[in-house]
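Undergrad: This is the structure I have questions about; it appears just below.
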Amino acid sequence: MEATIALAGNPNSGKTTLFNALTGARQHVGNYPGVTVEKKQGTYSENRLKFTIVDLPGTYSLTAYSLEEVVARDFLLNEKPGVVVNIVDAANLERNLYLTLQFMEMGIPVCIALNMMDVAKTRGIEIDIKKLSTLLGIPVVPTVARSGKGKKALMETVSEHIRDIKFTPLLISYGEDIDGALNRIEEKIIAANFLTDKYPSRWTALKYLEKDEQVLKAGNEANPVLSKEIKHDVLNVSDHLKKTLDTYPEAIIADQRYGYINSILKQGVVRHQKDQSRLHLSDKIDKVVTNRFLGPIIMLAVLMGLYKFTFTYSELPVGWVESCLGWISGIAEAHMPEGLLKSLIISGIIDGVGGVLGFAPLIMFMFFGISILEDSGYLARVAFMLDRVFSFFGLHGSSVMAFIVSGGIAGGCAVPGVMATRTLKSRRERLATLLTVPFMNCGAKLPVFALLTAAFFAENEAKVMFIITLIAWLGALLVAKLLRVTIIKGESTPFVMELPPYRLPTFRGLLIHTWERTWQYIKKAGTIIVGISIILWALMVFPGLPETETISYEQKRQAVIASIPAKIISELEAVEEDTELSEAANIFKDRLFEVDAQEAEAALRNSVAGRLGTALESITRLAGFDWRTNIALVGGFAAKEVVVSTLGTAYSLGEVDPEEIGSLSEALPKAPGWRPLTALSLIIFTIFYAPCFVAVVCIAREAGSWKWGAFSMVFNTALAFGLSVIVFQIGSLLGY
Amino acid sequence: MPKIKMRQMESNQSGTISAVKAGGELGRRLRDMGLLPGSDITIQGRAPLKDPVALRIKGFTLTLRNNEAEFIEVEVN
């Protein structure tokens, strides 16, 4: 038997664990069309059964308010799965059944997987499964998703259910007023065939009474006249209820749903063996973990731990990736003839692939760490403790993760940081977080800061780094506030969040989760990133030097070679790498290097990026930047540490390794136009300007639109430039 | 029994919700989570910065911002 079944249930009910238990590794993740909500799909096969299982987003209800709810609802209404397997937390029956009831009102065949039977038992909750099933009129199968217990029985029941039962919507009495209105509206709906191709008629009527935006909109489009008439009917009931009972139809409907659930539970379905006011283990942990004094300290330690975990342990695999790619480019270096193709392969393609894969271990470790915090329930506590601070800036308590990972503790990375915003469920807060995390000081900005502080503020290095971190945080939070009162304005999404009981995450769940996210990044973001890397390479290389100049540099080189005594030439040719050269030989080698470096500088200046940098010089002078700095900043769009190496090329020092900045930090203070104020202005600019393009690609993907990727480039650069100009101009006026 | 706003309740104080005066999205979210007139609640505590508030309802723990708790009227025991 083949069929599609949907898994649905409250967040924290063990839905994803059950999905993993049923499908194992036979699953893949995509997105629902047009939105950034994840769509997980997998297959279950056992003997004659072959089910496609879709894991719907976890929701508490089926209103049209949150994206998750809309997605879940649309899937059920449009795709019409054979059965909805509704995972219900046995230890939390009442609230979980609220969602179950809404499925039944829609007229969808439901089968309950009564999960966490073990937890319920330890809490002294006894459930009469047979009675629950009879009273609800739907099958109920006990499961323990963590151990996979009950999954076979569940699938057997599902297969019978698909065959046997013809389903009709559940009719609940919502009281005289509502019922009367429902009946009248439903009659009109049936008579006019209003939306009946999309929704069950009584459900449409119910949604009109609940003032469901999505259904109202569909109704207005399908039949504006009738829609208006029904809205008028609803208004009448609303007015009447307001006058007589001081309440709204939505409130009565919710009330009656809970009333219906209670009437079932009270018929001996649930029996409590132990005193319910007793503190559970989870509550005891919370007494310590969210304590006024201990809570923040523990949180700081956990966040530091997550950070260390992500960036320390990923060093090793990042190193492997780097040395592997280094090995490949070494082969290309040795075996390919000099020229554009070689440069394209090494600097464009291999570096681009390195850019993609180099981030992969970071993303992997970050998601592993965050999954532990999320699955264990601690993440909700972090949001709880920090919400006061972040909500002030129009963000959400959960935003802190993304900020920390991005470099809130200097040295993170905005790419995993941007992806970490997935833990945020409220749309506006998430977008504001997405757009401001790149201001944090990621690991790639650090070499730039290190260079500038070493060159200009050598005595106060630690202090300057600390101030840079503060500026980044302050800037990010203020910009978030600014965005939330301008382009992403709107009331803050209600916080109303469950603190789930602490649970030990399953290792399998962690691995599956981590792998999916990482693979998605490599697959989706990867191709775009390699493409942009090639474009950036071309900007820095083309059109190259005119032939006359290339010849003149070649002549200079020949002149140097001609002046080398024969003895030294043979020494230079004979030596292997790493062996110490004689002093005389070094002098000549340096002279040759100097010619190369001058040629590289000239070529860079003549490139598209160079011309752009030169053309912009008249404007960027306001912030104290000359064409060399401009090119370096264009290069920094590829990755921020490229600012250092490009500055090296621009100052004829050859390519400077971002980790060895000695020569450049000595050269900069002597170079014309540079003074401490210039360095400060450049530091400010580096903190705030456009994120590297890998981050931009991720922002666009996570925000669901390239519009936001483009916005982050343009807005951040404009902001950075404005701040730098202010700093530089005021500083200049004050005589610095 | 006196009626006060949930915002003013202290840790470990219990009561029964008498009215939820929020409309729109907040109202619906509150109702979906079972915050309805007649439900029993106990305040579990507050975050270190005194906001949000954590409460026990129907056997689970829910957190609300103070300005959201403002809309809920409770008859305290």
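Within each chain, counting starts at residue 1; across the structure tokens, chains are named A, B, ... in the order shown, with ligands numbered 1 upward in that order.
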For Ile409 (chain A), find every residue with an atom within 8 Å (counting only C-alpha atoms), except residues of its own chain fewer than 5 positions away, and show them as a ChimeraX atom specification.
TA: /A:307,404,441,469
Undergrad: May I have a table of the residues of chain A lying at most 7 Å from chain B, giving each one's closest pair of atoms and their distance in Å to one decimal, counting only C-alpha atoms, ordered by chain and ascending residue number, as JSON lines?
TA:
```
{"residue": "A:Tyr60", "atom": "CA", "partner": "B:Asp32", "partner_atom": "CA", "distance": 6.5}
{"residue": "A:Ser61", "atom": "CA", "partner": "B:Asp32", "partner_atom": "CA", "distance": 6.2}
{"residue": "A:Tyr65", "atom": "CA", "partner": "B:Glu25", "partner_atom": "CA", "distance": 6.7}
{"residue": "A:Asn92", "atom": "CA", "partner": "B:Gly59", "partner_atom": "CA", "distance": 6.3}
{"residue": "A:Arg95", "atom": "CA", "partner": "B:Gly34", "partner_atom": "CA", "distance": 6.6}
{"residue": "A:Ala254", "atom": "CA", "partner": "B:Arg31", "partner_atom": "CA", "distance": 6.4}
{"residue": "A:Asp255", "atom": "CA", "partner": "B:Leu36", "partner_atom": "CA", "distance": 6.7}
{"residue": "A:Thr290", "atom": "CA", "partner": "B:Ala47", "partner_atom": "CA", "distance": 6.7}
{"residue": "A:Asn291", "atom": "CA", "partner": "B:Pro48", "partner_atom": "CA", "distance": 6.7}
{"residue": "A:Arg292", "atom": "CA", "partner": "B:Pro48", "partner_atom": "CA", "distance": 4.3}
{"residue": "A:Phe384", "atom": "CA", "partner": "B:Ala47", "partner_atom": "CA", "distance": 6.4}
{"residue": "A:Met385", "atom": "CA", "partner": "B:Ala47", "partner_atom": "CA", "distance": 5.0}
{"residue": "A:Arg388", "atom": "CA", "partner": "B:Asp51", "partner_atom": "CA", "distance": 5.8}
{"residue": "A:Pro494", "atom": "CA", "partner": "B:Leu26", "partner_atom": "CA", "distance": 5.7}
{"residue": "A:Phe495", "atom": "CA", "partner": "B:Leu64", "partner_atom": "CA", "distance": 5.9}
{"residue": "A:Val496", "atom": "CA", "partner": "B:Leu64", "partner_atom": "CA", "distance": 4.8}
{"residue": "A:Met497", "atom": "CA", "partner": "B:Thr63", "partner_atom": "CA", "distance": 5.2}
{"residue": "A:Glu498", "atom": "CA", "partner": "B:Leu62", "partner_atom": "CA", "distance": 4.5}
{"residue": "A:Leu499", "atom": "CA", "partner": "B:Thr61", "partner_atom": "CA", "distance": 5.3}
{"residue": "A:Pro500", "atom": "CA", "partner": "B:Thr61", "partner_atom": "CA", "distance": 6.9}
```
Undergrad: So which residues touch Leu373 (chain A) within 12 Å, counting only C-alpha atoms, skipping near sequence neighbours fewer than 6 positions away, as a ChimeraX atom specification?
TA: /A:299,302-303,305-306,366-367,379-383,398,401,423,502-505,510
Undergrad: Choose the residue, out of A:Leu7, A:Ile108, A:Ala623, A:Met116, that has the smallest atom-to-atom separation from Asn86 (chain A); count only C-alpha atoms.
TA: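 The answer is A:Leu7, which sits nearest to Asn86 (chain A).
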Undergrad: Could you tell me how far CA of Thr493 (chain A) sits from CA of Val74 (chain B), in Å to one decimal place?
TA: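 CA of Thr493 (chain A) lies at a distance of 23.4 Å from CA of Val74 (chain B).
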Undergrad: Quick one: everything within 6 Å of Ala90 (chain A), counting only C-alpha atoms, minus sequence neighbours fewer than 4 positions away in the same chain. Send it as an MDAnalysis selection string.
TA: chainID A and resid 114:117 120
Undergrad: Within region 423-612 of chain A, find each residue whose DSSP state, derived from the backbone, is strand (DSSP E or B), and express the selection as a ChimeraX atom specification.
TA: /A:442,497-499
